[in-house]
Every structure is written in structure tokens, then in C-alpha cells.
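Visitor: Let me begin by handing over the structure; questions about it come next.
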Amino acid sequence: MGRPAYACSSCGNLLEVKMDIAESITRLSKVDHRSRPISVWRYRELLPLGRSAEVFSLGEGGTPLFRCSRLARELGLKNLHIKFEGANPTGSFKDRGMTVGISKAKELGMKIVTCASTGNTSASLAAYAGLAGMRCVVLIPEGKVAIGKLAQAMMHGAMVASVKGNFDQAFKVVMDSSERLGLYVLNSVNPFRIEGQKTAAYEICDQLEGKSPEYLYIPVGNGGNSAAYWKGFTEYEALGAVPNRPIIRGIQAEGSAPIARMFSTQSDEIVPVSKPETVATAIRIGNPANWKKTVRAIRESGGRATTVTDREILEAQKMMARFEGIFAEPAGSAALAGMIKDVNNGDLDKASEVVCVSTGHGLKDPDIAISQCVKPATIEASVDALRMFVGG
Ligand SMILES: Cc1ncc(COP(=O)(O)O)c(C=O)c1O
């Protein structure tokens, strides 16, 4: 077993898995992958795992692509879908990357896995490490992780350390110590994570019956997921599975928006935000590790990164819940918030085919949901009391 590497030793850029398109076409031609159930592993031939490697799966992927007609009518749109990644086994898109990442870690003979996390990565890693019988060490920023996510990491048996600092500081500790301590890092700097996450783009194309949407709105924190989607769309087009790729609009929270700032200032270098803040704790990241990959992806798509306020995020969270029955966490509502902002500013043609990615389930952060709603009334156990309550 060699030493794991996450970045190129000469240029410092993060490693990336490159697909041999001709070979992949040959491999795909031998199977009817679309006859398999929709899931991450429907696309096994397009994932970098040895043929005899064991797959550790909880049934990830295959998440619904909801056609949102009530929301669309409310916003005057023709064609709006939400890809609900909260429907994954641990409630976020991270499971796509973890099923591949953990299977790869086992194939490579790794014993202990680790990550720094705003919550979802630790919840997912802990679950998959448990499934694979591996030890798991997670670092979270003190006091800034939603309670449901913390409960998941603890329940799945991870060793959880709360770091006195923010995500960026916790992540630096992980990267500075992993080699010395023999820990295999499964943050999104790990290229195998990105490989699993790219399958969401394949799925959207299959669910739209052989095409990409015109626009994809997606929240951006560390930037791994947006880069993964672009990789997925690009590969699917190169494989001849779809004729087009979408324009990517990356959405950041106003208080944690170094990538959106790059776009607004047309700069080529990132200026990290030293004290990132937002109610969407999952994207409370000031120094995104994948900024180069995601900026390249968004630019190549002809898109851009913009910001939304916490108020806009929470408003979108409520709209999704009330119009469509989709309960997303705040970060999982940021893409819709960004799209609504674009509609209101006239920056999106209302006839476009749009997919918003909702990245995580609302039950992970019950505190923020409860804080926005009217408290339940306490009434007597009688018909009269109920009549009074409903106003009849
Ligand atoms: C729910 C949710 N949405 C969005 C993101 C941002 O993804 P990325 O860091 O890959 O940009 C995260 C990352 O933790 C997340 O948990």
C-alpha cells in the first residue's frame, strides 16, 4: 500500500480521476446499465473501482427528481425540478461519495478514515465506516453543527472531536496530520468522493430521459459537489448519452461567499473569508478546498456563482416545504433561493428547463425549522376546544 495522495506533488492542484472515454464506451456497450435500478451503482462501469473490489452500499442515489408544478406556477416558471438529495440513506448527497470512497479505502487496505465536517460528511462517513468495519475519526467545528448530524456521527460510532475553531481550521488539522497519524481523508479533496457524487448528474440526465436541463442551481461550500456535477454532465455528454450540458449557477450564503466574490470581482484568485457566517451551517466555509475545480467548472458551463441572504434561504426552505412537501435543511434550500432571486431580478428566462439541487434533509437541523414556525397551541382535550382552535 502506497501513501495516499490528494494533491499533485509538483503543481499542488487537487487530484482528479480522468475517464478514458473510448474504454468507457466499450465497457458500457457490454451492459444495459439503464435497465438497472437507478442508483450510484447503476453506473459501476464509470466508477474507478477494481472489478473484484467489495462494494459497501446502503442503497444511495436514485433520489427523486420532483417536477414542482405548484412552485413553478407561483414563480411563473414553465419547467422546474428539484433533485432531492435529502432522500439518500443518511439524508444528504454525501452518501454518493462515501459509498465509493469507503469501498476504495477498503480496496486500498486503509484502516482508519477521517474527515473535518460541517456535519453531513461526518454523518455519512461514520455510517459507511461502520458498515465496512473501519475506525472513523471526525472533527467538527465547535458549536456549529446541526444537532441531527451530530447525533448521526455519534450513533454510528465515530470518534468525534469538537475543534475550537471553524470548519476551515478543523480541515487544516486533518490535512496536516493525516499522513503522520495514518488516517485516510474522505473530505471532498479525495477524488474518489467526487466520482461517487458525479452520478447525481448522470441520474438527472436519465430522469429527464436523455437530456441535461438548461440550468442547474446548486449550493456551493467547499466546491466539491458542483465540480462533481459538472464532471458527470461532461462525461455523460462525451459518452453520447446526452446532447447537451447545463449552465451551472452556484449559490453561496452571503456571509460565506469567497467563490461568488471571485465572480463579482472577475478575479482569478480566491480571497478566503476568515470568519464565515450563515444559518446554513453546511456551507459555512470561508476557504473552500475545491475552489479551483468549481470555478473552472462553473466558468466552463457559462454560469456564475452568486449569493443569497440567510433570510432568502429560510424563505425558500419554507416555500419548498409548503408548496412541494420537500423538507430540506437550510443549505439544501440555497439553490432554490438563488433561483428565485434570479427570477425576481429578471436573470432567468422563465421558459427555461431548470433543476435545483436540494442537498440535505430538513430533519438534520430541527432547531432552525422550529425557530421559524408558530409554536403548537395547547388546548383542552375537548371538541369545543378544537373548534375554537380551528376557528369554526
Ligand atoms: C447539505 C449540504 N449542501 C451543500 C454542501 C456544499 O457542498 P460542497 O462543500 O461540496 O460545495 C454541503 C457540504 O457539506 C452540505 O452538507
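The way I read the labels, and the way they are meant: chains A, B, ... in the order of the C-alpha cells, residue 1 as the first residue of every chain, and ligand 1 as the first ligand shown, with later ones counted on from there.
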Mind running chain A against ligand 1 at 8 Å and telling me each contacting residue's nearest atom pair with the distance in Å (one decimal), counting only C-alpha atoms and all ligand atoms, chain and number ascending, as a Markdown table?
Guide:
| residue | atom | partner | partner_atom_place_in_ligand_line | distance |
| --- | --- | --- | --- | --- |
| A:Ser92 | CA | ligand 1 | 1 (C) | 6.1 |
| A:Phe93 | CA | ligand 1 | 1 (C) | 7.3 |
| A:Lys94 | CA | ligand 1 | 16 (O) | 7.2 |
| A:Ser117 | CA | ligand 1 | 14 (O) | 6.8 |
| A:Thr118 | CA | ligand 1 | 14 (O) | 5.7 |
| A:Gly119 | CA | ligand 1 | 16 (O) | 6.6 |
| A:Asn120 | CA | ligand 1 | 16 (O) | 4.8 |
| A:Thr121 | CA | ligand 1 | 14 (O) | 6.2 |
| A:Ser188 | CA | ligand 1 | 10 (O) | 6.6 |
| A:Ile218 | CA | ligand 1 | 4 (C) | 7.8 |
| A:Pro219 | CA | ligand 1 | 4 (C) | 5.2 |
| A:Val220 | CA | ligand 1 | 11 (O) | 3.8 |
| A:Gly221 | CA | ligand 1 | 11 (O) | 3.6 |
| A:Asn222 | CA | ligand 1 | 9 (O) | 3.4 |
| A:Gly223 | CA | ligand 1 | 11 (O) | 3.4 |
| A:Gly224 | CA | ligand 1 | 10 (O) | 3.6 |
| A:Asn225 | CA | ligand 1 | 10 (O) | 3.7 |
| A:Ser226 | CA | ligand 1 | 11 (O) | 6.1 |
| A:Ala227 | CA | ligand 1 | 10 (O) | 7.9 |
| A:Ala282 | CA | ligand 1 | 16 (O) | 4.4 |
| A:Ile283 | CA | ligand 1 | 6 (C) | 5.3 |
| A:Ile285 | CA | ligand 1 | 9 (O) | 7.9 |
| A:Pro288 | CA | ligand 1 | 9 (O) | 7.5 |
| A:Asn290 | CA | ligand 1 | 11 (O) | 7.9 |
| A:Glu329 | CA | ligand 1 | 1 (C) | 6.6 |
| A:Pro330 | CA | ligand 1 | 1 (C) | 7.6 |
| A:Ala331 | CA | ligand 1 | 3 (N) | 4.7 |
| A:Gly332 | CA | ligand 1 | 1 (C) | 5.0 |
| A:Ser358 | CA | ligand 1 | 3 (N) | 7.3 |
| A:Thr359 | CA | ligand 1 | 1 (C) | 4.5 |
| A:Gly360 | CA | ligand 1 | 1 (C) | 4.1 |
| A:His361 | CA | ligand 1 | 1 (C) | 7.4 |
Visitor: Leaving out A:Gly61 and any residue of its chain fewer than 3 positions from it, which residues lie within 9 Å of it when counting only C-alpha atoms, given as a list in words?
Guide: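 What passes the distance filter is Ile38, Ser39, Val40, Trp41, Pro64, Glu85, Ala87, Asn88, Pro89, Phe93, Asp95, Arg96, Thr199, Ala200 and Glu203 of chain A.
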Visitor: Apply DSSP to the backbone of this structure and, from stretch 7-86 of chain A, keep only the residues in alpha helix (DSSP H); write these as a list in words.
Guide: Ile21, Ala22, Glu23, Ser24, Ile25, Thr26, Arg27, Leu28, Ser29, Ser69, Arg70, Leu71, Ala72, Arg73, Glu74 and Leu75 of chain A
Visitor: Taking only C-alpha atoms into account, name the residue in A:Ala5, A:Ala170, A:Val55, A:Leu71 that is nearest to A:Leu131.
Guide: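 For A:Leu131, the nearest of the given residues is A:Val55.
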Visitor: Report, in Å with one decimal, the straight-line distance from atom CA of A:Ser264 to atom CA of A:Pro141.
Guide: 28.6 Å
Visitor: A:Leu77, A:Thr63, A:Val189, A:Cys68: which is nearest A:Cys115, counting only C-alpha atoms?
Guide: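 Ranking A:Leu77, A:Thr63, A:Val189, A:Cys68 by distance to A:Cys115, first place goes to A:Val189.
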Visitor: Given the choices A:Ser52, A:Asn190, A:Ser9, A:Ser35, which gets closest to A:Met98 if the distance is worked out from only C-alpha atoms?
Guide: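 Answer, going by the shortest atom-to-atom distance: A:Asn190.
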Visitor: Counting only C-alpha atoms, what is within 8 Å of A:Ala337, bar same-chain residues fewer than 6 positions away, as a list of chain:residue names?
Guide: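 Everything that qualifies: A:Val308, A:Glu312, A:Ile313, A:Glu315, A:Ala316.
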Visitor: Which neighbours of stretch 333-335 of chain A fall inside 12 Å, counting only C-alpha atoms, when residues of the same chain fewer than 6 positions from it are skipped, and could you give them as a PyMOL selection string?
Guide: chain A and resi 81-86+215-221+226+248-254+278-283+305-321+326-327+341-342+354-362
Visitor: Skipping near chain neighbours, those fewer than 3 positions away, what residues fall within 10 Å of A:Gly302 using only C-alpha atoms, listed as an MDAnalysis selection string?
Guide: chainID A and resid 246:249 297:299
Visitor: From a backbone DSSP assignment, name each residue in stretch 142-364 of chain A labelled strand (DSSP E), as a PDB file with N, CA and C atoms, in the first residue's frame.
Guide:
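Result file follows (result.pdb):
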ATOM      1  N   MET A 159     -15.400   8.398  16.387  1.00  0.00           N
ATOM      2  CA  MET A 159     -14.762   9.178  17.455  1.00  0.00           C
ATOM      3  C   MET A 159     -14.917  10.634  17.026  1.00  0.00           C
ATOM      4  N   VAL A 160     -15.651  11.413  17.813  1.00  0.00           N
ATOM      5  CA  VAL A 160     -15.970  12.783  17.405  1.00  0.00           C
ATOM      6  C   VAL A 160     -15.200  13.770  18.273  1.00  0.00           C
ATOM      7  N   ALA A 161     -14.444  14.654  17.612  1.00  0.00           N
ATOM      8  CA  ALA A 161     -13.765  15.722  18.356  1.00  0.00           C
ATOM      9  C   ALA A 161     -14.300  17.065  17.872  1.00  0.00           C
ATOM     10  N   SER A 162     -14.619  17.903  18.833  1.00  0.00           N
ATOM     11  CA  SER A 162     -15.119  19.232  18.531  1.00  0.00           C
ATOM     12  C   SER A 162     -13.927  20.197  18.573  1.00  0.00           C
ATOM     13  N   VAL A 163     -13.642  20.832  17.453  1.00  0.00           N
ATOM     14  CA  VAL A 163     -12.439  21.660  17.359  1.00  0.00           C
ATOM     15  C   VAL A 163     -12.758  23.115  17.720  1.00  0.00           C
ATOM     16  N   TYR A 184      -6.904   8.008   6.600  1.00  0.00           N
ATOM     17  CA  TYR A 184      -7.287   8.207   5.198  1.00  0.00           C
ATOM     18  C   TYR A 184      -8.389   9.258   5.141  1.00  0.00           C
ATOM     19  N   VAL A 185      -8.129  10.348   4.405  1.00  0.00           N
ATOM     20  CA  VAL A 185      -9.035  11.502   4.413  1.00  0.00           C
ATOM     21  C   VAL A 185     -10.175  11.304   3.403  1.00  0.00           C
ATOM     22  N   TYR A 215     -30.510  24.799 -17.036  1.00  0.00           N
ATOM     23  CA  TYR A 215     -29.827  25.413 -15.885  1.00  0.00           C
ATOM     24  C   TYR A 215     -29.804  24.445 -14.718  1.00  0.00           C
ATOM     25  N   LEU A 216     -28.676  24.412 -14.017  1.00  0.00           N
ATOM     26  CA  LEU A 216     -28.576  23.666 -12.766  1.00  0.00           C
ATOM     27  C   LEU A 216     -28.172  24.651 -11.673  1.00  0.00           C
ATOM     28  N   TYR A 217     -29.034  24.775 -10.659  1.00  0.00           N
ATOM     29  CA  TYR A 217     -28.701  25.604  -9.488  1.00  0.00           C
ATOM     30  C   TYR A 217     -28.243  24.671  -8.379  1.00  0.00           C
ATOM     31  N   ILE A 218     -27.122  25.041  -7.739  1.00  0.00           N
ATOM     32  CA  ILE A 218     -26.537  24.147  -6.736  1.00  0.00           C
ATOM     33  C   ILE A 218     -25.835  24.969  -5.648  1.00  0.00           C
ATOM     34  N   PRO A 219     -25.997  24.575  -4.366  1.00  0.00           N
ATOM     35  CA  PRO A 219     -25.281  25.304  -3.322  1.00  0.00           C
ATOM     36  C   PRO A 219     -23.784  24.998  -3.363  1.00  0.00           C
ATOM     37  N   ILE A 247     -26.053  25.031 -17.901  1.00  0.00           N
ATOM     38  CA  ILE A 247     -25.351  26.186 -17.320  1.00  0.00           C
ATOM     39  C   ILE A 247     -25.445  26.019 -15.815  1.00  0.00           C
ATOM     40  N   ILE A 248     -24.285  26.114 -15.138  1.00  0.00           N
ATOM     41  CA  ILE A 248     -24.297  25.917 -13.680  1.00  0.00           C
ATOM     42  C   ILE A 248     -24.345  27.267 -12.978  1.00  0.00           C
ATOM     43  N   ARG A 249     -25.301  27.406 -12.088  1.00  0.00           N
ATOM     44  CA  ARG A 249     -25.321  28.594 -11.229  1.00  0.00           C
ATOM     45  C   ARG A 249     -25.084  28.149  -9.786  1.00  0.00           C
ATOM     46  N   GLY A 250     -23.899  28.495  -9.285  1.00  0.00           N
ATOM     47  CA  GLY A 250     -23.515  28.112  -7.931  1.00  0.00           C
ATOM     48  C   GLY A 250     -23.996  29.167  -6.949  1.00  0.00           C
ATOM     49  N   ILE A 251     -24.571  28.700  -5.838  1.00  0.00           N
ATOM     50  CA  ILE A 251     -25.143  29.648  -4.871  1.00  0.00           C
ATOM     51  C   ILE A 251     -24.425  29.533  -3.530  1.00  0.00           C
ATOM     52  N   GLN A 252     -23.955  30.673  -3.042  1.00  0.00           N
ATOM     53  CA  GLN A 252     -23.319  30.709  -1.718  1.00  0.00           C
ATOM     54  C   GLN A 252     -24.120  31.609  -0.777  1.00  0.00           C
ATOM     55  N   ALA A 253     -23.942  31.374   0.518  1.00  0.00           N
ATOM     56  CA  ALA A 253     -24.580  32.242   1.512  1.00  0.00           C
ATOM     57  C   ALA A 253     -23.751  33.524   1.626  1.00  0.00           C
ATOM     58  N   ARG A 304     -22.226  31.137 -13.376  1.00  0.00           N
ATOM     59  CA  ARG A 304     -21.607  32.064 -12.420  1.00  0.00           C
ATOM     60  C   ARG A 304     -21.983  31.640 -11.005  1.00  0.00           C
ATOM     61  N   ALA A 305     -21.307  32.233 -10.032  1.00  0.00           N
ATOM     62  CA  ALA A 305     -21.661  31.992  -8.633  1.00  0.00           C
ATOM     63  C   ALA A 305     -22.175  33.300  -8.047  1.00  0.00           C
ATOM     64  N   THR A 306     -23.271  33.215  -7.310  1.00  0.00           N
ATOM     65  CA  THR A 306     -23.861  34.413  -6.702  1.00  0.00           C
ATOM     66  C   THR A 306     -24.229  34.110  -5.249  1.00  0.00           C
ATOM     67  N   THR A 307     -24.765  35.115  -4.573  1.00  0.00           N
ATOM     68  CA  THR A 307     -25.071  34.926  -3.148  1.00  0.00           C
ATOM     69  C   THR A 307     -26.560  35.081  -2.864  1.00  0.00           C
ATOM     70  N   VAL A 308     -26.960  34.512  -1.727  1.00  0.00           N
ATOM     71  CA  VAL A 308     -28.292  34.751  -1.173  1.00  0.00           C
ATOM     72  C   VAL A 308     -28.127  35.066   0.313  1.00  0.00           C
ATOM     73  N   GLU A 353     -35.727  25.219 -18.803  1.00  0.00           N
ATOM     74  CA  GLU A 353     -35.821  23.985 -18.013  1.00  0.00           C
ATOM     75  C   GLU A 353     -34.770  24.057 -16.908  1.00  0.00           C
ATOM     76  N   VAL A 354     -35.250  24.064 -15.648  1.00  0.00           N
ATOM     77  CA  VAL A 354     -34.363  24.315 -14.517  1.00  0.00           C
ATOM     78  C   VAL A 354     -34.407  23.158 -13.531  1.00  0.00           C
ATOM     79  N   VAL A 355     -33.224  22.762 -13.041  1.00  0.00           N
ATOM     80  CA  VAL A 355     -33.149  21.819 -11.918  1.00  0.00           C
ATOM     81  C   VAL A 355     -32.422  22.506 -10.768  1.00  0.00           C
ATOM     82  N   CYS A 356     -33.057  22.489  -9.592  1.00  0.00           N
ATOM     83  CA  CYS A 356     -32.385  22.963  -8.373  1.00  0.00           C
ATOM     84  C   CYS A 356     -32.010  21.735  -7.551  1.00  0.00           C
ATOM     85  N   VAL A 357     -30.777  21.727  -7.054  1.00  0.00           N
ATOM     86  CA  VAL A 357     -30.343  20.592  -6.239  1.00  0.00           C
ATOM     87  C   VAL A 357     -30.574  20.932  -4.769  1.00  0.00           C
ATOM     88  N   SER A 358     -31.342  20.071  -4.119  1.00  0.00           N
ATOM     89  CA  SER A 358     -31.560  20.228  -2.676  1.00  0.00           C
ATOM     90  C   SER A 358     -30.738  19.150  -1.987  1.00  0.00           C
TER      91      SER A 358
END
Visitor: I'd like the neighbourhood of A:Val390 as a list in words, where a residue qualifies if any of its atoms comes within 12 Å (using only C-alpha atoms), though same-chain residues fewer than 6 positions away should be ignored.
Guide: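 The contact residues come out as Ala377, Ile379, Val383 and Asp384 of chain A.
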Visitor: Mind dumping the selected residues with C-alpha atoms as a compact mmCIF listing (two decimals), in the first residue's frame?
Guide:
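Saved to selection36.txt:
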# COMPACT_ATOMS: atom_id res chain seq x y z
CA ALA A 377 -51.06 25.61 20.75
CA ILE A 379 -55.72 23.06 24.13
CA VAL A 383 -64.33 19.09 20.74
CA ASP A 384 -65.15 22.67 21.76
Visitor: Give me, please, the distance in Å between atom CA of A:Gly59 and atom CA of A:Tyr202, quoted to one decimal.
Guide: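 Separating atom CA of A:Gly59 from atom CA of A:Tyr202 is a distance of 16.4 Å.
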Visitor: Mind giving me the straight-line distance from atom CA of A:Leu181 to atom CA of A:Glu107 in Å, one decimal?
Guide: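 About the pair atom CA of A:Leu181 and atom CA of A:Glu107: they are 19.6 Å apart.
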Visitor: Can you work out which one of A:Leu139, A:Pro4, A:Gly255, A:Met175 has the shortest atom-to-atom distance to A:Leu108, counting only C-alpha atoms?
Guide: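 Selected residue with least distance to A:Leu108: A:Pro4.
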Visitor: Between A:Val173, A:Gly196, A:Lys275, A:Ala22, single out the one closest to A:Arg44, counting only C-alpha atoms.
Guide: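 Closest to A:Arg44 of all the choices is A:Gly196.
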